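Before any comments, here is the structure.
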Amino acid sequence: SMKAKMVPKRIPVAPAIHPAAPLIGRRAHYDALVVGAGFAGSVLAERLAAGSGKRVLVIDKRPHIAGNAFDHHDAAGIMVHRYGPHIFHTNSDDVFAYLSRFTKWRQYEHRVLASVRGKLVPIPINRTTLNTLYGLDLHDDAAAAAFLSARAEPREIVTSEDVVVAAVGQELYETFFRGYTRKQWGLDPSELDKAVTARVPTRTNTDDRYFGDRHQAMPLNGYTAMFENMLDHPNITVQTGVDFADCDVRADHLVYTGPVDEYFGHRFGPLPYRSLEFRHETHDVAQFQPVAVVNYPAPDVPYTRITEYKHLTGQTAPRTSISYEFPQAEGDPYYPIPRAENQALYRRYAALADALPDVSFVGRLATYRYYNMDQVVGQALATYRRLAPDLVPMLNR
Ligand code: FAD
Ligand code: UDP
């Protein structure tokens with residue numbers, strides 16, 4: 001229940017606490033402490049404060065809110081995403097309506113090109129991809145379907161290799177998926193759950209959109225502005241630059257959105273996460289590439305994709321900013337790695353988490369799920385709905 005006093009960690013306050021953190025270290029009491037100011041933490045903070053009148057402290061160890069969705073204007077004045085391209089898409093009317101309380105939207109449908117054999121062709125693989133790559137004139141869906149089924153190798157679909165080879169055959173699999181996946185994950189597609197490459201469909205029509213969702217849009221003034229609106233509530237205090245390990249705040253409930261294995265001191269061993277290094281550049285041209293994202297599946301190119309942000313934001317400027325993504329084994333945990341042995345290890349941590357009724361584990365890192373933003377919002381709203389009946393409004397504070 002929310003009544004039990006829950007003190008997550010009693011680590012003495014380190015002297016180097018964020019200077020603008022007057023409440024930290026004084027044994028301040030909150031109804032809820034939220035660790036992480038990304039989607040998971042910010043949605044829970046907003047709901048607990050605005051929905052249930054709770055006093056909430058949100059901390060994040062980074063110097064900013066918005067988690068991996070953080071965007072900002074770089075030195076050239078171009079709005080960029082510090083942690084790589086974030087494109088919002090969802091089939092959930094509820095999630096879209098909820099976020100629409102905090103932002104207006106810019107309609108945007110994501111299109112991606114892949115650089116293969118010296119050409120830029122659309123990915124997901126569709127009729128245009130086949131026509132461009134092979135110099136064909138497949139004139140309708142049936143012709144493209146016949147072309148693909150002559151190459152497809154039907155089989156039981158277990159791994160990320162099976163998904164693609166069963167749909168398009170070995171050659172297209174190697175051209176678009178094998179090299180990219182080996183770089184991105186440090187694993188062969190045959191070592192990854194089918195869900196990873198199944199994120200990218202195969203089409204026989206000429207729909208070249210990356211996503212098929214009902215709602216596809218970018219927050220009009222950016223993600224960070226949307227998060228500012230979400231967290232702008234008299235019951236919410238936000239402290240950035242504060243690590244949970246250095247935080248000695250008392251709270252009735254803890255919402256934890258960091259890596260679940262870290263919360264439990266890695267006692268069963270570390271959960272594998274994949275990291276990225278971003279190389280951000282500004283170029284003295286108005287446009288660097290024809291679409292927001294170009295993928296580079298070739299094994300001899302060290303990065304996986306290049307993003308040009310102006311396509312996402314609609315910003316006009318004489319210069320343009322881009323980022324390269326270089327996959328890494330070490331570094332900030334960006335991706336849980338979907339495969340059976342990792343899921344088994346996660347289940348052991350999840351059993352520990354389930355035994356802590358005063359702590360909610362929410363989000364991509366805390367539930368070890370390869371979730372998109374809208375899925376994290378949906379998960380956070382569901383978590384709040386489960387908590388809310390037990391929340392007694394604190395009227396006398
Ligand atoms: P996060 O955003 O990671 O937030 C967790 C926060 O907790 C972080 O800010 C972290 O600093 C903080 N934290 C962790 N440990 C501690 C601690 N000990 N003390 C204090 N703070 C702590 N999704 C889409 O829908 N569309 C996309 O196009 C898309 N593109 C992506 C591209 C990349 C390169 C990546 C990595 C992800 C992408 N995503 C995309 C997924 C999206 O980023 C996540 O779904 C979403 O940001 C997860 O929110 P979260 O709150 O769970 O985690
Ligand atoms: N993928 C690929 N080639 C591509 C695009 C995707 O092999 O051109 C595979 C790769 O394994 C990637 C996964 O499909 O990690 C999911 O792609 P998505 O674009 O959804 O990745 P994210 O944006 O989450 O990094």
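Labeling convention for the structure tokens: chains A, B, ... as they appear, residues from 1 per chain, ligands from 1 in order of appearance.
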Given only C-alpha atoms and all ligand atoms, how would the per-residue table for chain A near ligand 1 read, listing every residue at most 7 Å away with its closest atom pair and distance in Å to one decimal, sorted by chain and number, as a tab-separated table?
residue	atom	partner	partner_atom_place_in_ligand_line	distance
A:Val35	CA	ligand 1	21 (N)	5.1
A:Gly36	CA	ligand 1	7 (O)	3.2
A:Ala37	CA	ligand 1	6 (C)	5.4
A:Gly38	CA	ligand 1	51 (O)	3.6
A:Phe39	CA	ligand 1	51 (O)	3.9
A:Ala40	CA	ligand 1	51 (O)	3.8
A:Gly41	CA	ligand 1	51 (O)	5.6
A:Ile59	CA	ligand 1	20 (C)	5.6
A:Asp60	CA	ligand 1	21 (N)	3.6
A:Lys61	CA	ligand 1	20 (C)	4.0
A:Arg62	CA	ligand 1	11 (O)	4.9
A:Ile65	CA	ligand 1	9 (O)	6.6
A:Ala66	CA	ligand 1	2 (O)	6.4
A:Gly67	CA	ligand 1	9 (O)	3.4
A:Asn68	CA	ligand 1	2 (O)	4.0
A:Ala69	CA	ligand 1	47 (O)	5.2
A:Tyr83	CA	ligand 1	34 (C)	5.6
A:Gly84	CA	ligand 1	34 (C)	4.3
A:Pro85	CA	ligand 1	32 (C)	5.2
A:His86	CA	ligand 1	28 (O)	3.5
A:Ile87	CA	ligand 1	28 (O)	3.7
A:Phe88	CA	ligand 1	25 (O)	5.1
A:His89	CA	ligand 1	25 (O)	6.2
A:Val242	CA	ligand 1	20 (C)	5.8
A:Asp243	CA	ligand 1	19 (N)	3.6
A:Phe244	CA	ligand 1	19 (N)	3.9
A:Ala245	CA	ligand 1	18 (N)	6.0
A:Thr257	CA	ligand 1	7 (O)	5.3
A:Gly258	CA	ligand 1	14 (C)	3.6
A:Pro259	CA	ligand 1	15 (N)	6.3
A:Tyr334	CA	ligand 1	36 (C)	4.5
A:Tyr335	CA	ligand 1	36 (C)	6.1
A:Val362	CA	ligand 1	52 (O)	6.6
A:Gly363	CA	ligand 1	52 (O)	3.2
A:Arg364	CA	ligand 1	52 (O)	4.0
A:Leu365	CA	ligand 1	52 (O)	5.8
A:Tyr371	CA	ligand 1	45 (O)	4.9
A:Asn372	CA	ligand 1	25 (O)	3.6
A:Met373	CA	ligand 1	25 (O)	3.7
A:Asp374	CA	ligand 1	25 (O)	5.7
A:Gln375	CA	ligand 1	45 (O)	7.0
A:Val376	CA	ligand 1	45 (O)	5.8
Those same residues, written as a compact mmCIF listing (two decimals), in the first residue's frame with N, CA and C atoms?
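Contents of part_38.txt, freshly written:
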# COMPACT_ATOMS: atom_id res chain seq x y z
N VAL A 35 12.30 8.32 -10.23
CA VAL A 35 13.69 8.26 -10.72
C VAL A 35 13.66 8.16 -12.23
N GLY A 36 14.07 9.24 -12.90
CA GLY A 36 14.09 9.28 -14.37
C GLY A 36 13.02 10.21 -14.89
N ALA A 37 13.42 11.19 -15.69
CA ALA A 37 12.48 12.19 -16.23
C ALA A 37 12.20 11.95 -17.70
N GLY A 38 12.29 10.68 -18.15
CA GLY A 38 11.87 10.32 -19.51
C GLY A 38 10.37 10.12 -19.57
N PHE A 39 9.90 9.45 -20.63
CA PHE A 39 8.45 9.25 -20.78
C PHE A 39 7.85 8.51 -19.58
N ALA A 40 8.49 7.43 -19.14
CA ALA A 40 7.91 6.62 -18.06
C ALA A 40 7.76 7.47 -16.80
N GLY A 41 8.85 8.12 -16.39
CA GLY A 41 8.83 8.90 -15.15
C GLY A 41 7.95 10.13 -15.24
N ILE A 59 13.67 13.05 -10.12
CA ILE A 59 15.12 13.28 -10.29
C ILE A 59 15.58 12.59 -11.56
N ASP A 60 16.62 13.14 -12.15
CA ASP A 60 17.28 12.47 -13.28
C ASP A 60 18.77 12.74 -13.17
N LYS A 61 19.58 11.74 -13.43
CA LYS A 61 21.03 11.93 -13.29
C LYS A 61 21.61 12.75 -14.43
N ARG A 62 20.89 12.81 -15.55
CA ARG A 62 21.35 13.67 -16.64
C ARG A 62 21.02 15.12 -16.32
N ILE A 65 15.66 17.06 -18.63
CA ILE A 65 14.49 16.18 -18.63
C ILE A 65 14.34 15.54 -20.02
N ALA A 66 13.30 14.75 -20.18
CA ALA A 66 12.89 14.15 -21.47
C ALA A 66 13.59 12.84 -21.82
N GLY A 67 14.53 12.39 -20.99
CA GLY A 67 15.17 11.09 -21.22
C GLY A 67 15.81 11.03 -22.60
N ASN A 68 15.67 9.90 -23.26
CA ASN A 68 16.28 9.74 -24.57
C ASN A 68 15.56 10.53 -25.65
N ALA A 69 14.40 11.09 -25.34
CA ALA A 69 13.69 11.89 -26.33
C ALA A 69 14.14 13.36 -26.30
N TYR A 83 19.95 12.07 -28.52
CA TYR A 83 20.10 10.60 -28.47
C TYR A 83 19.50 9.93 -29.70
N GLY A 84 19.63 10.57 -30.86
CA GLY A 84 19.19 9.93 -32.09
C GLY A 84 17.74 10.24 -32.43
N PRO A 85 17.34 9.89 -33.67
CA PRO A 85 16.04 10.33 -34.19
C PRO A 85 14.87 9.72 -33.43
N HIS A 86 13.97 10.55 -32.97
CA HIS A 86 12.76 10.10 -32.28
C HIS A 86 11.54 10.55 -33.06
N ILE A 87 10.84 9.58 -33.64
CA ILE A 87 9.65 9.87 -34.44
C ILE A 87 8.46 9.28 -33.73
N PHE A 88 7.46 10.12 -33.45
CA PHE A 88 6.31 9.63 -32.69
C PHE A 88 5.29 8.98 -33.62
N HIS A 89 4.85 7.78 -33.26
CA HIS A 89 3.81 7.09 -34.02
C HIS A 89 3.06 6.16 -33.08
N VAL A 242 20.89 14.67 -10.61
CA VAL A 242 20.88 13.96 -9.33
C VAL A 242 20.72 12.46 -9.57
N ASP A 243 21.68 11.70 -9.11
CA ASP A 243 21.60 10.23 -9.24
C ASP A 243 20.85 9.67 -8.05
N PHE A 244 20.05 8.67 -8.31
CA PHE A 244 19.30 7.97 -7.26
C PHE A 244 20.22 7.50 -6.14
N ALA A 245 21.41 7.08 -6.51
CA ALA A 245 22.35 6.57 -5.51
C ALA A 245 22.77 7.65 -4.51
N THR A 257 12.63 4.19 -13.11
CA THR A 257 12.65 3.98 -14.57
C THR A 257 14.06 3.75 -15.11
N GLY A 258 15.03 3.54 -14.22
CA GLY A 258 16.39 3.19 -14.67
C GLY A 258 16.50 1.70 -14.93
N PRO A 259 17.71 1.21 -15.21
CA PRO A 259 17.90 -0.23 -15.49
C PRO A 259 17.56 -1.07 -14.26
N TYR A 334 20.92 1.86 -24.08
CA TYR A 334 19.85 2.37 -24.93
C TYR A 334 18.85 1.29 -25.34
N TYR A 335 19.34 0.09 -25.61
CA TYR A 335 18.45 -0.97 -26.10
C TYR A 335 18.55 -2.21 -25.22
N VAL A 362 8.91 0.96 -14.25
CA VAL A 362 8.21 1.37 -15.47
C VAL A 362 9.21 1.81 -16.53
N GLY A 363 8.94 1.47 -17.79
CA GLY A 363 9.73 2.00 -18.90
C GLY A 363 10.64 0.95 -19.53
N ARG A 364 11.38 1.42 -20.52
CA ARG A 364 12.17 0.54 -21.37
C ARG A 364 13.31 -0.13 -20.62
N LEU A 365 13.93 0.57 -19.69
CA LEU A 365 15.07 0.01 -18.96
C LEU A 365 14.61 -0.79 -17.75
N TYR A 371 10.64 -1.10 -26.18
CA TYR A 371 9.40 -0.34 -26.35
C TYR A 371 9.66 0.96 -27.10
N ASN A 372 8.70 1.31 -27.97
CA ASN A 372 8.67 2.65 -28.53
C ASN A 372 8.08 3.61 -27.51
N MET A 373 8.18 4.91 -27.83
CA MET A 373 7.69 5.93 -26.89
C MET A 373 6.23 5.71 -26.52
N ASP A 374 5.40 5.45 -27.52
CA ASP A 374 3.96 5.33 -27.23
C ASP A 374 3.67 4.12 -26.34
N GLN A 375 4.46 3.06 -26.48
CA GLN A 375 4.27 1.89 -25.62
C GLN A 375 4.65 2.20 -24.18
N VAL A 376 5.69 3.02 -24.01
CA VAL A 376 6.09 3.41 -22.66
C VAL A 376 5.00 4.30 -22.04
Residue list (strand (DSSP E), DSSP) for segment 170-395 of chain A, as an MDAnalysis selection string: chainID A and resid 215:219 236:240 250:256 273:283 293:295 305:308 320:328 335:336 359:361
Surrounding residues as number ranges by chain, ligand 2, max 10 Å, only C-alpha atoms and all ligand atoms: A: 84-87, 112-116, 122-125, 160-161, 164, 173-189, 192, 194-201, 210-211, 276, 293-298, 304-305, 325, 334-335, 337, 370-372
Could those selected residues go to a file with C-alpha atoms, as a short mmCIF file (atom, residue, chain, number, x, y, z; two decimals), in the first residue's frame?
data_model
loop_
_atom_site.label_atom_id
_atom_site.label_comp_id
_atom_site.auth_asym_id
_atom_site.auth_seq_id
_atom_site.Cartn_x
_atom_site.Cartn_y
_atom_site.Cartn_z
CA GLY A 84 19.19 9.93 -32.09
CA PRO A 85 16.04 10.33 -34.19
CA HIS A 86 12.76 10.10 -32.28
CA ILE A 87 9.65 9.87 -34.44
CA VAL A 112 13.77 6.07 -44.80
CA LEU A 113 16.16 5.26 -47.64
CA ALA A 114 18.79 2.53 -47.54
CA SER A 115 22.15 2.99 -49.20
CA VAL A 116 22.78 -0.28 -51.04
CA PRO A 122 13.21 2.85 -49.91
CA ILE A 123 13.11 0.65 -46.80
CA PRO A 124 10.77 -1.09 -45.76
CA ILE A 125 11.21 -3.19 -48.89
CA SER A 160 15.20 -12.32 -36.70
CA GLU A 161 16.83 -14.14 -39.61
CA VAL A 164 13.19 -11.79 -43.22
CA TYR A 173 17.99 -10.40 -46.37
CA GLU A 174 21.74 -10.05 -46.76
CA THR A 175 21.44 -6.76 -48.65
CA PHE A 176 19.20 -4.96 -46.16
CA PHE A 177 19.22 -6.79 -42.82
CA ARG A 178 22.19 -9.00 -42.05
CA GLY A 179 24.93 -6.35 -42.00
CA TYR A 180 22.79 -3.71 -40.35
CA THR A 181 21.68 -6.08 -37.60
CA ARG A 182 25.16 -7.43 -36.94
CA LYS A 183 26.40 -3.85 -36.51
CA GLN A 184 23.44 -2.62 -34.47
CA TRP A 185 23.33 -5.53 -32.03
CA GLY A 186 26.76 -7.14 -32.23
CA LEU A 187 24.85 -10.37 -32.93
CA ASP A 188 23.78 -12.26 -36.02
CA PRO A 189 20.01 -11.97 -36.72
CA LEU A 192 17.91 -12.37 -31.90
CA LYS A 194 12.01 -12.52 -34.34
CA ALA A 195 10.47 -9.35 -32.89
CA VAL A 196 13.55 -7.25 -33.69
CA THR A 197 13.52 -7.36 -37.50
CA ALA A 198 9.74 -7.91 -37.52
CA ARG A 199 9.53 -4.20 -36.63
CA VAL A 200 10.28 -3.56 -40.31
CA PRO A 201 7.52 -4.93 -42.60
CA TYR A 210 8.47 3.58 -42.27
CA PHE A 211 5.44 3.28 -39.97
CA LEU A 276 25.33 3.86 -29.30
CA VAL A 293 17.09 8.99 -42.15
CA VAL A 294 19.38 7.04 -44.48
CA ASN A 295 20.29 3.50 -43.37
CA TYR A 296 23.67 1.96 -44.17
CA PRO A 297 23.39 -1.83 -43.99
CA ALA A 298 26.81 -2.51 -45.54
CA THR A 304 24.10 2.20 -39.08
CA ARG A 305 22.32 5.38 -40.09
CA GLU A 325 25.02 6.28 -34.99
CA TYR A 334 19.85 2.37 -24.93
CA TYR A 335 18.45 -0.97 -26.10
CA ILE A 337 18.65 -7.00 -26.34
CA TYR A 370 12.24 -2.89 -26.59
CA TYR A 371 9.40 -0.34 -26.35
CA ASN A 372 8.67 2.65 -28.53
#
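Here atom CA of Val260 of chain A and atom CA of Val34 of chain A stand 14.2 Å from one another.
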Shell around Glu46 of chain A at 10 Å using only C-alpha atoms, local window under 4 positions removed, as a list in words: Gly41, Ser42, Ala50, Gly51, Ser52, Gly53, Lys54, Val56, Phe227, Asn229, Met230, Leu231, Asp232, His233, Asn235, Ile236 and Tyr384 of chain A
Residue with smallest distance to Arg101 of chain A - pool A:Tyr324, A:Pro219, A:Pro299, A:Val165, counting only C-alpha atoms: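 For Arg101 of chain A, the nearest of the given residues is A:Pro219.
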Coordinates-based distance that separates atom CA of Asp208 of chain A from atom CA of Gln315 of chain A (Å, one decimal): 22.9 Å
DSSP-assigned helix (DSSP H, G or I) among segment 156-386 of chain A, expressed as a count of residues only: 81
One-decimal distance in Å that lies between atom CA of Ala145 of chain A and atom CA of Val168 of chain A: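 Pair atom CA of Val168 of chain A / atom CA of Ala145 of chain A returns 9.7 Å.
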